[in-house]
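As stored in query.txt (compact mmCIF, C-alpha atoms and all ligand atoms):
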# COMPACT_ATOMS: atom_id res chain seq x y z
CA MET A 20 -10.11 8.79 31.39
CA ARG A 21 -11.80 5.68 30.07
CA ALA A 22 -11.12 3.82 33.30
CA ARG A 23 -12.89 6.67 35.09
CA GLY A 24 -15.86 6.21 32.79
CA ARG A 25 -15.29 9.27 30.60
CA GLU A 26 -16.26 9.00 26.97
CA VAL A 27 -13.35 9.46 24.57
CA LEU A 28 -13.99 10.03 20.86
CA ASP A 29 -11.02 8.28 19.32
CA LEU A 30 -10.06 9.95 16.03
CA ALA A 31 -6.71 8.20 16.03
CA GLU A 32 -8.16 4.70 15.74
CA SER A 33 -6.56 2.78 12.90
CA ASN A 34 -7.46 -0.75 13.98
CA PRO A 35 -10.07 -1.64 11.33
CA THR A 36 -11.61 -4.38 13.52
CA ARG A 37 -12.78 -1.63 15.90
CA CYS A 38 -14.29 0.65 13.28
CA GLY A 39 -17.64 -1.02 12.63
CA PHE A 40 -16.86 -2.64 9.28
CA ARG A 41 -18.73 -5.78 8.23
CA TYR A 42 -16.53 -8.86 8.07
CA ASP A 43 -17.76 -11.93 6.17
CA ARG A 44 -17.75 -14.46 9.03
CA LYS A 45 -19.00 -17.24 6.76
CA ALA A 46 -16.00 -16.92 4.48
CA ILE A 47 -13.33 -16.08 7.07
CA LEU A 48 -13.96 -18.46 9.97
CA PRO A 49 -14.26 -21.79 8.06
CA ALA A 50 -11.12 -20.90 6.08
CA LEU A 51 -9.21 -20.95 9.39
CA ALA A 52 -10.55 -24.36 10.39
CA ARG A 53 -9.38 -26.54 7.53
CA PRO A 54 -8.48 -30.15 8.52
CA ALA A 55 -5.03 -29.70 6.99
CA ALA A 56 -4.34 -27.22 9.80
CA LEU A 57 -3.70 -30.24 12.03
CA GLU A 58 -0.60 -31.16 10.02
CA TYR A 59 2.77 -29.45 10.05
CA HIS A 60 4.86 -29.22 6.87
CA PRO A 61 7.07 -26.21 7.56
CA ASP A 62 8.51 -24.25 4.65
CA PRO A 63 10.71 -21.31 5.70
CA ARG A 64 9.44 -19.16 2.81
CA GLY A 65 5.84 -20.06 3.57
CA MET A 66 3.52 -22.61 1.98
CA ARG A 67 3.63 -22.49 -1.78
CA SER A 68 -0.17 -22.26 -2.02
CA ALA A 69 -0.11 -19.17 0.23
CA ARG A 70 2.71 -17.57 -1.75
CA GLN A 71 0.81 -18.34 -4.93
CA ALA A 72 -2.15 -16.42 -3.48
CA VAL A 73 0.12 -13.42 -2.87
CA ALA A 74 1.42 -13.69 -6.45
CA GLU A 75 -2.21 -13.68 -7.64
CA TYR A 76 -2.85 -10.53 -5.60
CA TYR A 77 -0.12 -8.72 -7.55
CA ARG A 78 -1.34 -10.14 -10.87
CA ARG A 79 -4.91 -9.02 -10.28
CA ARG A 80 -4.28 -5.61 -8.71
CA GLY A 81 -4.89 -3.93 -12.03
CA SER A 82 -4.54 -4.26 -15.73
CA GLY A 83 -1.63 -3.34 -18.00
CA ALA A 84 1.44 -2.11 -16.10
CA ALA A 85 -0.36 -2.49 -12.76
CA SER A 86 -0.74 -6.27 -13.30
CA LEU A 87 2.46 -7.88 -12.09
CA ARG A 88 3.73 -11.37 -12.71
CA ILE A 89 5.82 -12.42 -9.74
CA GLY A 90 6.93 -16.01 -9.23
CA PRO A 91 6.08 -17.42 -5.78
CA GLU A 92 9.79 -18.25 -5.39
CA ARG A 93 10.42 -14.50 -4.93
CA ILE A 94 7.89 -14.22 -2.13
CA LEU A 95 8.56 -14.86 1.54
CA LEU A 96 5.81 -14.90 4.14
CA THR A 97 6.17 -13.29 7.57
CA ALA A 98 3.88 -12.86 10.57
CA SER A 99 3.63 -9.09 10.04
CA THR A 100 5.08 -6.32 7.97
CA SER A 101 7.03 -5.34 11.08
CA GLU A 102 8.60 -8.79 11.12
CA ALA A 103 9.41 -8.43 7.42
CA TYR A 104 11.23 -5.16 8.22
CA SER A 105 13.13 -6.96 10.96
CA PHE A 106 14.21 -9.78 8.64
CA VAL A 107 15.36 -7.29 6.00
CA LEU A 108 17.34 -5.28 8.54
CA ARG A 109 18.97 -8.50 9.83
CA LEU A 110 19.79 -9.49 6.27
CA LEU A 111 21.30 -6.19 5.17
CA CYS A 112 22.86 -4.70 8.28
CA ALA A 113 25.55 -5.42 10.82
CA PRO A 114 25.24 -3.66 14.20
CA GLY A 115 25.83 0.08 13.72
CA ASP A 116 24.96 0.09 10.02
CA GLN A 117 22.53 2.72 8.79
CA VAL A 118 19.23 2.81 6.98
CA LEU A 119 17.70 5.94 5.48
CA VAL A 120 14.07 6.50 6.40
CA PRO A 121 11.58 9.19 5.37
CA SER A 122 10.55 11.92 7.80
CA PRO A 123 7.71 12.51 8.55
CA SER A 124 6.70 8.87 8.58
CA TYR A 125 5.75 5.76 10.50
CA PRO A 126 6.89 5.96 14.16
CA LEU A 127 7.64 2.23 14.51
CA PHE A 128 10.90 2.53 12.51
CA GLU A 129 12.67 3.72 15.63
CA PHE A 130 11.78 0.55 17.54
CA LEU A 131 12.42 -1.80 14.62
CA ALA A 132 15.84 -0.27 14.03
CA GLY A 133 16.71 -0.15 17.74
CA LEU A 134 15.86 -3.83 18.26
CA ASN A 135 18.07 -4.73 15.30
CA ASP A 136 20.99 -2.49 16.38
CA VAL A 137 20.57 -0.41 13.27
CA GLU A 138 20.92 3.36 13.14
CA LEU A 139 18.24 5.41 11.40
CA VAL A 140 19.19 8.37 9.25
CA PRO A 141 16.08 10.41 8.38
CA TYR A 142 15.66 12.09 5.00
CA THR A 143 13.11 14.82 4.53
CA LEU A 144 9.80 14.79 2.72
CA VAL A 145 8.91 18.37 1.82
CA TYR A 146 5.43 19.78 1.39
CA ASP A 147 5.40 21.88 -1.76
CA HIS A 148 2.40 21.33 -4.03
CA GLY A 149 1.99 17.94 -2.36
CA TRP A 150 4.67 15.89 -0.65
CA GLN A 151 7.96 15.10 -2.33
CA ILE A 152 11.20 13.41 -1.41
CA ASP A 153 13.96 15.94 -0.75
CA LEU A 154 16.59 14.12 -2.79
CA HIS A 155 19.34 16.42 -1.58
CA SER A 156 18.56 15.51 2.02
CA LEU A 157 18.52 11.81 1.06
CA GLN A 158 21.84 12.05 -0.75
CA SER A 159 23.52 13.95 2.06
CA GLY A 160 22.50 11.27 4.58
CA ILE A 161 24.43 8.53 2.78
CA THR A 162 27.62 7.32 4.48
CA SER A 163 29.91 4.31 4.18
CA ARG A 164 27.63 2.54 6.70
CA SER A 165 24.41 3.08 4.71
CA ARG A 166 22.79 -0.17 3.59
CA ALA A 167 19.26 0.65 2.45
CA VAL A 168 16.72 3.35 1.68
CA VAL A 169 13.21 2.85 3.02
CA VAL A 170 10.20 4.35 1.23
CA VAL A 171 6.60 4.09 2.39
CA ASN A 172 4.32 3.98 -0.65
CA PRO A 173 1.98 5.72 0.12
CA ASN A 174 3.54 7.21 3.19
CA ASN A 175 1.93 7.28 6.61
CA PRO A 176 0.70 9.90 7.57
CA THR A 177 1.38 12.19 4.58
CA GLY A 178 -0.52 9.97 2.10
CA SER A 179 2.06 10.58 -0.63
CA PHE A 180 2.92 7.93 -3.23
CA VAL A 181 6.46 7.60 -4.58
CA LYS A 182 6.34 9.32 -7.99
CA ARG A 183 7.76 7.79 -11.14
CA PRO A 184 10.66 10.30 -11.43
CA GLU A 185 11.43 9.68 -7.76
CA VAL A 186 11.73 5.94 -8.46
CA GLY A 187 14.28 6.74 -11.18
CA ALA A 188 16.27 8.95 -8.80
CA LEU A 189 16.08 6.39 -5.97
CA ASN A 190 17.31 3.64 -8.27
CA ALA A 191 20.22 5.75 -9.48
CA LEU A 192 21.17 6.66 -5.93
CA CYS A 193 20.88 3.08 -4.65
CA ALA A 194 22.87 1.72 -7.61
CA ASN A 195 25.63 4.30 -7.13
CA HIS A 196 26.00 3.61 -3.43
CA GLY A 197 25.28 -0.12 -3.34
CA LEU A 198 22.07 0.33 -1.32
CA ALA A 199 18.93 -1.81 -1.30
CA LEU A 200 15.46 -0.30 -1.60
CA VAL A 201 12.83 -1.27 0.98
CA ALA A 202 9.28 -0.32 -0.02
CA ASP A 203 6.54 -0.52 2.60
CA GLU A 204 3.35 -0.80 0.56
CA VAL A 205 0.77 -1.71 3.19
CA PHE A 206 -1.50 1.16 2.02
CA LEU A 207 -0.82 0.72 -1.72
CA ASP A 208 -4.44 -0.13 -2.59
CA TYR A 209 -5.84 2.96 -0.87
CA ALA A 210 -5.50 5.78 -3.41
CA HIS A 211 -8.16 8.42 -2.83
CA ASP A 212 -8.78 8.80 -6.57
CA GLY A 213 -9.26 5.02 -6.95
CA ARG A 214 -6.46 4.75 -9.53
CA VAL A 215 -4.36 1.59 -9.15
CA ARG A 216 -0.79 2.64 -8.39
CA PRO A 217 2.08 0.40 -9.53
CA SER A 218 3.89 -1.62 -6.90
CA LEU A 219 7.62 -1.26 -6.34
CA ALA A 220 7.62 -5.07 -6.24
CA ALA A 221 8.20 -4.64 -10.01
CA ASN A 222 11.44 -2.73 -9.46
CA ARG A 223 14.31 -4.65 -11.08
CA ASP A 224 16.97 -1.97 -11.22
CA VAL A 225 18.31 -2.49 -7.69
CA LEU A 226 17.81 -5.06 -4.95
CA THR A 227 14.28 -4.26 -3.79
CA PHE A 228 12.13 -5.59 -0.96
CA ALA A 229 8.42 -4.77 -1.28
CA LEU A 230 6.56 -5.33 2.00
CA SER A 231 2.84 -5.69 2.56
CA GLY A 232 0.31 -7.83 4.39
CA LEU A 233 -3.23 -8.57 5.41
CA SER A 234 -3.43 -5.91 8.12
CA LYS A 235 -4.36 -3.12 5.69
CA ILE A 236 -4.88 -4.94 2.36
CA SER A 237 -7.72 -7.06 3.80
CA ALA A 238 -8.21 -5.05 7.03
CA LEU A 239 -7.26 -8.16 9.03
CA PRO A 240 -4.35 -7.16 11.31
CA GLN A 241 -5.18 -9.88 13.85
CA MET A 242 -4.42 -12.67 11.34
CA LYS A 243 -0.72 -11.86 11.49
CA ALA A 244 0.12 -12.63 7.88
CA ALA A 245 2.34 -10.50 5.71
CA TRP A 246 4.97 -10.92 3.02
CA MET A 247 7.88 -9.49 1.14
CA VAL A 248 8.62 -9.66 -2.56
CA VAL A 249 12.30 -9.64 -3.48
CA ASN A 250 13.25 -8.20 -6.86
CA GLY A 251 16.33 -6.79 -8.56
CA PRO A 252 19.43 -8.12 -10.31
CA LYS A 253 19.09 -11.91 -10.41
CA SER A 254 22.25 -12.90 -8.53
CA GLU A 255 21.52 -10.41 -5.72
CA VAL A 256 17.94 -11.63 -5.44
CA GLN A 257 19.05 -15.24 -5.18
CA ARG A 258 21.68 -14.46 -2.56
CA ALA A 259 19.18 -12.40 -0.54
CA LEU A 260 16.49 -15.10 -0.71
CA ALA A 261 18.90 -17.84 0.34
CA ARG A 262 19.88 -15.85 3.44
CA LEU A 263 16.33 -14.75 4.20
CA GLU A 264 15.39 -18.39 4.15
CA VAL A 265 17.85 -19.03 6.99
CA ILE A 266 16.42 -16.12 9.01
CA ALA A 267 12.83 -17.26 8.42
CA ASP A 268 13.74 -20.91 9.12
CA THR A 269 15.03 -19.87 12.54
CA TYR A 270 11.56 -18.73 13.60
CA LEU A 271 9.03 -20.36 11.21
CA SER A 272 6.66 -17.77 12.61
CA VAL A 273 3.72 -17.88 10.21
CA ASN A 274 1.16 -20.37 11.53
CA THR A 275 -0.35 -23.11 9.38
CA PRO A 276 -4.08 -22.21 9.68
CA VAL A 277 -3.49 -18.68 8.43
CA GLN A 278 -1.32 -19.88 5.55
CA LEU A 279 -4.04 -22.29 4.48
CA ALA A 280 -6.60 -19.50 4.76
CA LEU A 281 -4.52 -16.91 2.92
CA PRO A 282 -6.30 -17.25 -0.47
CA ALA A 283 -9.69 -16.76 1.25
CA LEU A 284 -8.40 -13.93 3.46
CA LEU A 285 -6.86 -12.12 0.51
CA ALA A 286 -10.12 -12.51 -1.39
CA GLN A 287 -11.76 -10.48 1.40
CA ARG A 288 -9.84 -7.42 0.23
CA ARG A 289 -12.44 -6.46 -2.35
CA ALA A 290 -15.29 -6.22 0.15
CA MET A 291 -13.11 -4.63 2.85
CA GLN A 292 -11.40 -2.09 0.59
CA GLY A 293 -14.81 -1.07 -0.79
CA GLN A 294 -16.16 -0.37 2.70
CA ILE A 295 -13.00 1.45 3.78
CA ARG A 296 -12.90 3.59 0.63
CA ARG A 297 -16.53 4.63 1.10
CA ARG A 298 -15.89 5.45 4.77
CA MET A 299 -12.82 7.52 3.94
CA ALA A 300 -14.61 9.38 1.13
CA ALA A 301 -17.46 10.27 3.51
CA ASN A 302 -15.04 11.45 6.22
CA ARG A 303 -13.02 13.46 3.71
CA ARG A 304 -16.23 15.17 2.54
CA GLU A 305 -17.09 15.95 6.16
CA LEU A 306 -13.61 17.35 6.67
CA ALA A 307 -13.96 19.62 3.63
CA LYS A 308 -17.39 20.75 4.84
CA GLN A 309 -16.23 21.69 8.33
CA LEU A 310 -13.05 23.31 7.03
CA ALA A 311 -15.16 25.61 4.87
CA SER A 312 -16.36 27.35 8.03
CA HIS A 313 -12.94 27.27 9.75
CA PRO A 314 -10.60 29.03 7.32
CA ALA A 315 -7.76 29.11 9.87
CA CYS A 316 -7.42 25.32 9.52
CA ARG A 317 -6.66 23.32 6.41
CA VAL A 318 -5.99 19.76 5.41
CA LEU A 319 -2.72 18.96 3.67
CA GLU A 320 -2.90 17.41 0.22
CA SER A 321 -2.90 13.64 0.32
CA GLU A 322 -3.14 11.00 -2.39
CA GLY A 323 -3.93 7.94 -0.31
CA GLY A 324 -3.57 5.97 2.92
CA TRP A 325 -5.82 6.06 5.97
CA TYR A 326 -4.92 9.42 7.52
CA ALA A 327 -5.59 13.14 7.19
CA LEU A 328 -3.07 15.72 8.23
CA LEU A 329 -4.70 18.78 9.66
CA ARG A 330 -2.85 22.10 9.79
CA VAL A 331 -4.09 24.26 12.67
CA PRO A 332 -3.03 27.70 13.96
CA VAL A 333 -0.07 27.42 16.31
CA THR A 334 -1.13 28.62 19.73
CA SER A 335 0.79 25.98 21.70
CA SER A 336 2.74 22.81 21.01
CA ASP A 337 1.01 19.94 19.19
CA GLU A 338 1.48 17.87 22.32
CA ARG A 339 -0.30 20.49 24.46
CA LEU A 340 -3.09 20.83 21.92
CA ALA A 341 -3.62 17.06 21.72
CA LEU A 342 -3.65 16.78 25.52
CA ASP A 343 -6.09 19.70 25.85
CA LEU A 344 -8.35 18.14 23.20
CA LEU A 345 -8.34 14.92 25.17
CA ARG A 346 -8.83 16.36 28.64
CA LYS A 347 -11.19 19.24 27.89
CA ARG A 348 -13.09 17.97 24.85
CA GLY A 349 -12.77 14.20 25.13
CA VAL A 350 -11.23 13.76 21.66
CA LEU A 351 -8.16 11.68 20.93
CA VAL A 352 -5.95 12.73 18.00
CA HIS A 353 -2.25 12.27 17.37
CA PRO A 354 0.08 15.27 17.59
CA GLY A 355 2.25 15.72 14.48
CA HIS A 356 5.49 15.11 16.37
CA PHE A 357 4.55 11.40 16.78
CA TYR A 358 5.35 11.11 13.07
CA GLY A 359 8.29 13.51 13.01
CA LEU A 360 6.41 16.43 11.47
CA ALA A 361 8.63 19.48 11.67
CA GLY A 362 7.33 22.47 13.64
CA GLU A 363 4.00 22.77 15.42
CA GLY A 364 0.42 23.00 14.19
CA HIS A 365 -0.15 19.47 12.87
CA LEU A 366 -2.73 16.95 14.01
CA VAL A 367 -3.10 13.48 12.51
CA LEU A 368 -6.61 12.03 12.17
CA SER A 369 -7.60 8.55 11.11
CA LEU A 370 -10.08 8.55 8.22
CA ILE A 371 -11.43 5.05 8.89
CA VAL A 372 -13.32 5.86 12.09
CA PRO A 373 -17.13 5.63 11.91
CA GLU A 374 -18.74 8.70 10.27
CA GLY A 375 -20.76 9.84 13.31
CA ARG A 376 -17.72 9.74 15.58
CA PHE A 377 -15.59 11.50 12.98
CA ARG A 378 -18.16 14.29 12.51
CA GLU A 379 -18.56 15.01 16.21
CA GLY A 380 -14.85 14.57 17.04
CA LEU A 381 -13.88 16.90 14.21
CA ARG A 382 -16.44 19.46 15.34
CA ARG A 383 -14.75 19.53 18.75
CA VAL A 384 -11.27 19.73 17.21
CA MET A 385 -12.34 22.68 15.03
CA ALA A 386 -14.00 24.43 17.96
CA ALA A 387 -10.75 24.17 19.95
CA ALA A 388 -8.18 24.68 17.23
CA GLY A 389 -9.87 26.70 14.54
C1 LIG B 401 3.37 2.26 7.18
C2 LIG B 401 3.06 1.03 7.96
N1 LIG B 401 3.80 -0.07 7.78
C3 LIG B 401 3.55 -1.21 8.46
C4 LIG B 401 2.53 -1.29 9.39
C5 LIG B 401 2.33 -2.55 10.18
O1 LIG B 401 1.86 -3.57 9.46
P1 LIG B 401 1.74 -5.02 10.15
O2 LIG B 401 0.49 -5.00 10.96
O3 LIG B 401 1.65 -5.96 8.98
O4 LIG B 401 2.98 -5.22 10.95
C6 LIG B 401 1.74 -0.15 9.62
C7 LIG B 401 0.67 -0.21 10.63
O5 LIG B 401 0.00 0.75 10.92
C8 LIG B 401 2.02 1.03 8.90
O6 LIG B 401 1.30 2.15 9.12
Mind turning this structure into structure tokens?
Amino acid sequence: MRARGREVLDLAESNPTRCGFRYDRKAILPALARPAALEYHPDPRGMRSARQAVAEYYRRRGSGAASLRIGPERILLTASTSEAYSFVLRLLCAPGDQVLVPSPSYPLFEFLAGLNDVELVPYTLVYDHGWQIDLHSLQSGITSRSRAVVVVNPNNPTGSFVKRPEVGALNALCANHGLALVADEVFLDYAHDGRVRPSLAANRDVLTFALSGLSKISALPQMKAAWMVVNGPKSEVQRALARLEVIADTYLSVNTPVQLALPALLAQRRAMQGQIRRRMAANRRELAKQLASHPACRVLESEGGWYALLRVPVTSSDERLALDLLRKRGVLVHPGHFYGLAGEGHLVLSLIVPEGRFREGLRRVMAAAG
């Protein structure tokens, strides 16, 4: 449609560099052009100064329990969170081994697991006064080939954080079955109520890998810099780090300029998260306003992240509805099945798109679906 010159209002856009945010060029660009970028001193875990900057991020996320002291020796840099997933799967799994993943959730799991010859076993998140992990479904998915449980904190697209009692249950389950916990926390700083949520990087009860990166934390996905924090029983952590070092050493994929710039790029998070939070708050208000005159539609409860899950009357499949919205109304949204949402009647909208586009796109969605 675009190639034919038709306007498309993209309400699925989640690339922050295309959403009209202001980036501080004067701070970002010189940080990438440091003279030391002309030298090469590879460290498989990533430069210590860059890992120190990540440690500082966890220390300064909040006060009290939210402020975490993590030694840089427990941090390993990767080129993306996706690469971090890949390294963890390589570390934990032999071909044919299984990993438990939430459903609905992030669609890339399928590709990451497939490329690493790992089988995915979904466990259910249920919507009942907010989203919760169906622990029975998680438990019943465990087999002798299970190696890890993945949680997305907060989950994409449901926006649900892992609750404290759920962490207790996950730890008990992982300890009983010898499983590792993999926590994807790329959206951790985006709680709608502004409260700082604790990171699972603090989890010591079982072998835990907490994954995050610049793509959401500083809204800089193009920099290709991410990390994992390894925590848990000391001997397991040391064994895991030693092996991860071999995996990372094979690729040495994180480039020098970005590692040198990491402290400056991480410092951008304050300005970027402020802009993104204000944008999301405005779009959520607009959503509430338009929903007030379309009682057949509603938005599902969400605590954080960058997405809204819209429940609409089921008149056709989500796929059909999304295609009709695109062809007849020029609005792009994601159908719920992209994320494994059970049943029909779900559309996923990005909350970071510019306000004017969101307002008009939503108006067209409501006119068609509501
Ligand atoms: C839940 C989740 N994890 C990871 C990523 C990817 O992060 P990265 O760009 O660091 O690979 C995304 C990107 O949208 C995501 O939604």
| Residues near region 167-177 of chain A, cut-off 8 Å, all atoms listed in the file, skip fewer than 3 positions along chain, as JSON, numbers by chain | {"A": [111, 117, 118, 119, 120, 121, 123, 124, 125, 150, 180, 181, 193, 198, 199, 200, 201, 202, 203, 204, 205, 206, 207, 319, 321, 322, 323, 324, 325, 326, 327, 328, 358, 367]}
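With only C-alpha atoms and all ligand atoms as the atoms that count, the minimum distance from ligand LIG 401 (chain B) to the choices A:Val73, A:Ile89, A:Ala103, A:Met20 is reached by A:Ala103.
Checking A:Leu340, A:Met291, A:Ala259, A:Leu28 one by one against Lys235 (chain A), counting all atoms listed in the file, you find the shortest gap at A:Met291.
With distances restricted to only C-alpha atoms, A:His356 is the closest residue to Pro126 (chain A) from A:Leu329, A:His356, A:Gln278, A:Gly149.
Restricting the calculation to only C-alpha atoms and all ligand atoms, the smallest distance between ligand LIG 401 (chain B) and any of A:Tyr59, A:Tyr76, A:Tyr142, A:Trp246 is found for A:Trp246.
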| task | Measuring atom to atom with only C-alpha atoms, identify which of A:Gly160, A:Arg214, A:Gly133, A:Ala220 is nearest to Arg88 (chain A). | result | A:Ala220
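CA of Pro276 (chain A) sits 8.0 Å away from CA of Ala55 (chain A).
Taking CA of Val249 (chain A) and CA of Ala286 (chain A) as endpoints, the distance between them is 22.7 Å.
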| Near Val331 (chain A), counting only C-alpha atoms, which residues have an atom at most 12 Å away, once you skip same-chain residues fewer than 4 positions from it, shown as an MDAnalysis selection string? | chainID A and resid 310 313:319 335:337 340:341 354:355 362:367 384:389
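Picture a line from CA of Ser86 (chain A) to CA of Pro217 (chain A); it runs 8.2 Å.
Once region 35-44 of chain A and its same-chain neighbours fewer than 5 positions away are set aside, Ala238, Val372 and Pro373 of chain A remain within 6 Å of it when counting only C-alpha atoms.
The residue that comes closest to ligand LIG 401 (chain B), out of A:Leu127, A:Ala301, A:Ile161, A:Ala194 and on the basis of all atoms listed in the file, is A:Leu127.
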Can you find the residues with an atom no farther than 9 Å from (-10.0, 4.3, 2.8), counting all atoms listed in the file, and report them as a PDB file with C-alpha atoms, in the coordinates of the input?
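Generated file (point-v3.pdb):
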ATOM      1  CA  ASP A 208      -4.440  -0.130  -2.590  1.00  0.00           C
ATOM      2  CA  TYR A 209      -5.840   2.960  -0.870  1.00  0.00           C
ATOM      3  CA  ALA A 210      -5.500   5.780  -3.410  1.00  0.00           C
ATOM      4  CA  HIS A 211      -8.160   8.420  -2.830  1.00  0.00           C
ATOM      5  CA  GLN A 292     -11.400  -2.090   0.590  1.00  0.00           C
ATOM      6  CA  GLY A 293     -14.810  -1.070  -0.790  1.00  0.00           C
ATOM      7  CA  GLN A 294     -16.160  -0.370   2.700  1.00  0.00           C
ATOM      8  CA  ILE A 295     -13.000   1.450   3.780  1.00  0.00           C
ATOM      9  CA  ARG A 296     -12.900   3.590   0.630  1.00  0.00           C
ATOM     10  CA  ARG A 297     -16.530   4.630   1.100  1.00  0.00           C
ATOM     11  CA  ARG A 298     -15.890   5.450   4.770  1.00  0.00           C
ATOM     12  CA  MET A 299     -12.820   7.520   3.940  1.00  0.00           C
ATOM     13  CA  ALA A 300     -14.610   9.380   1.130  1.00  0.00           C
ATOM     14  CA  GLY A 323      -3.930   7.940  -0.310  1.00  0.00           C
ATOM     15  CA  GLY A 324      -3.570   5.970   2.920  1.00  0.00           C
ATOM     16  CA  TRP A 325      -5.820   6.060   5.970  1.00  0.00           C
ATOM     17  CA  TYR A 326      -4.920   9.420   7.520  1.00  0.00           C
ATOM     18  CA  LEU A 370     -10.080   8.550   8.220  1.00  0.00           C
ATOM     19  CA  ILE A 371     -11.430   5.050   8.890  1.00  0.00           C
TER      20      ILE A 371
END
| request: Give me the residues within 9 Å of Val256 (chain A) as a VMD selection string, counting all atoms listed in the file and dropping any in the same chain fewer than 4 places off. | output: chain A and resid 93 226 to 227 249 to 252 260 to 261
Ref. answer, residues at most 12 Å from (-4.6, -10.5, -1.7) with only C-alpha atoms, as a compact mmCIF listing (two decimals) with C-alpha atoms, keeping the file's coordinate frame:
# COMPACT_ATOMS: atom_id res chain seq x y z
CA ALA A 69 -0.11 -19.17 0.23
CA ARG A 70 2.71 -17.57 -1.75
CA GLN A 71 0.81 -18.34 -4.93
CA ALA A 72 -2.15 -16.42 -3.48
CA VAL A 73 0.12 -13.42 -2.87
CA ALA A 74 1.42 -13.69 -6.45
CA GLU A 75 -2.21 -13.68 -7.64
CA TYR A 76 -2.85 -10.53 -5.60
CA TYR A 77 -0.12 -8.72 -7.55
CA ARG A 78 -1.34 -10.14 -10.87
CA ARG A 79 -4.91 -9.02 -10.28
CA ARG A 80 -4.28 -5.61 -8.71
CA VAL A 205 0.77 -1.71 3.19
CA LEU A 207 -0.82 0.72 -1.72
CA ASP A 208 -4.44 -0.13 -2.59
CA SER A 231 2.84 -5.69 2.56
CA GLY A 232 0.31 -7.83 4.39
CA LEU A 233 -3.23 -8.57 5.41
CA SER A 234 -3.43 -5.91 8.12
CA LYS A 235 -4.36 -3.12 5.69
CA ILE A 236 -4.88 -4.94 2.36
CA SER A 237 -7.72 -7.06 3.80
CA ALA A 238 -8.21 -5.05 7.03
CA LEU A 239 -7.26 -8.16 9.03
CA ALA A 244 0.12 -12.63 7.88
CA ALA A 245 2.34 -10.50 5.71
CA TRP A 246 4.97 -10.92 3.02
CA ALA A 280 -6.60 -19.50 4.76
CA LEU A 281 -4.52 -16.91 2.92
CA PRO A 282 -6.30 -17.25 -0.47
CA ALA A 283 -9.69 -16.76 1.25
CA LEU A 284 -8.40 -13.93 3.46
CA LEU A 285 -6.86 -12.12 0.51
CA ALA A 286 -10.12 -12.51 -1.39
CA GLN A 287 -11.76 -10.48 1.40
CA ARG A 288 -9.84 -7.42 0.23
CA ARG A 289 -12.44 -6.46 -2.35
CA ALA A 290 -15.29 -6.22 0.15
CA MET A 291 -13.11 -4.63 2.85
CA GLN A 292 -11.40 -2.09 0.59
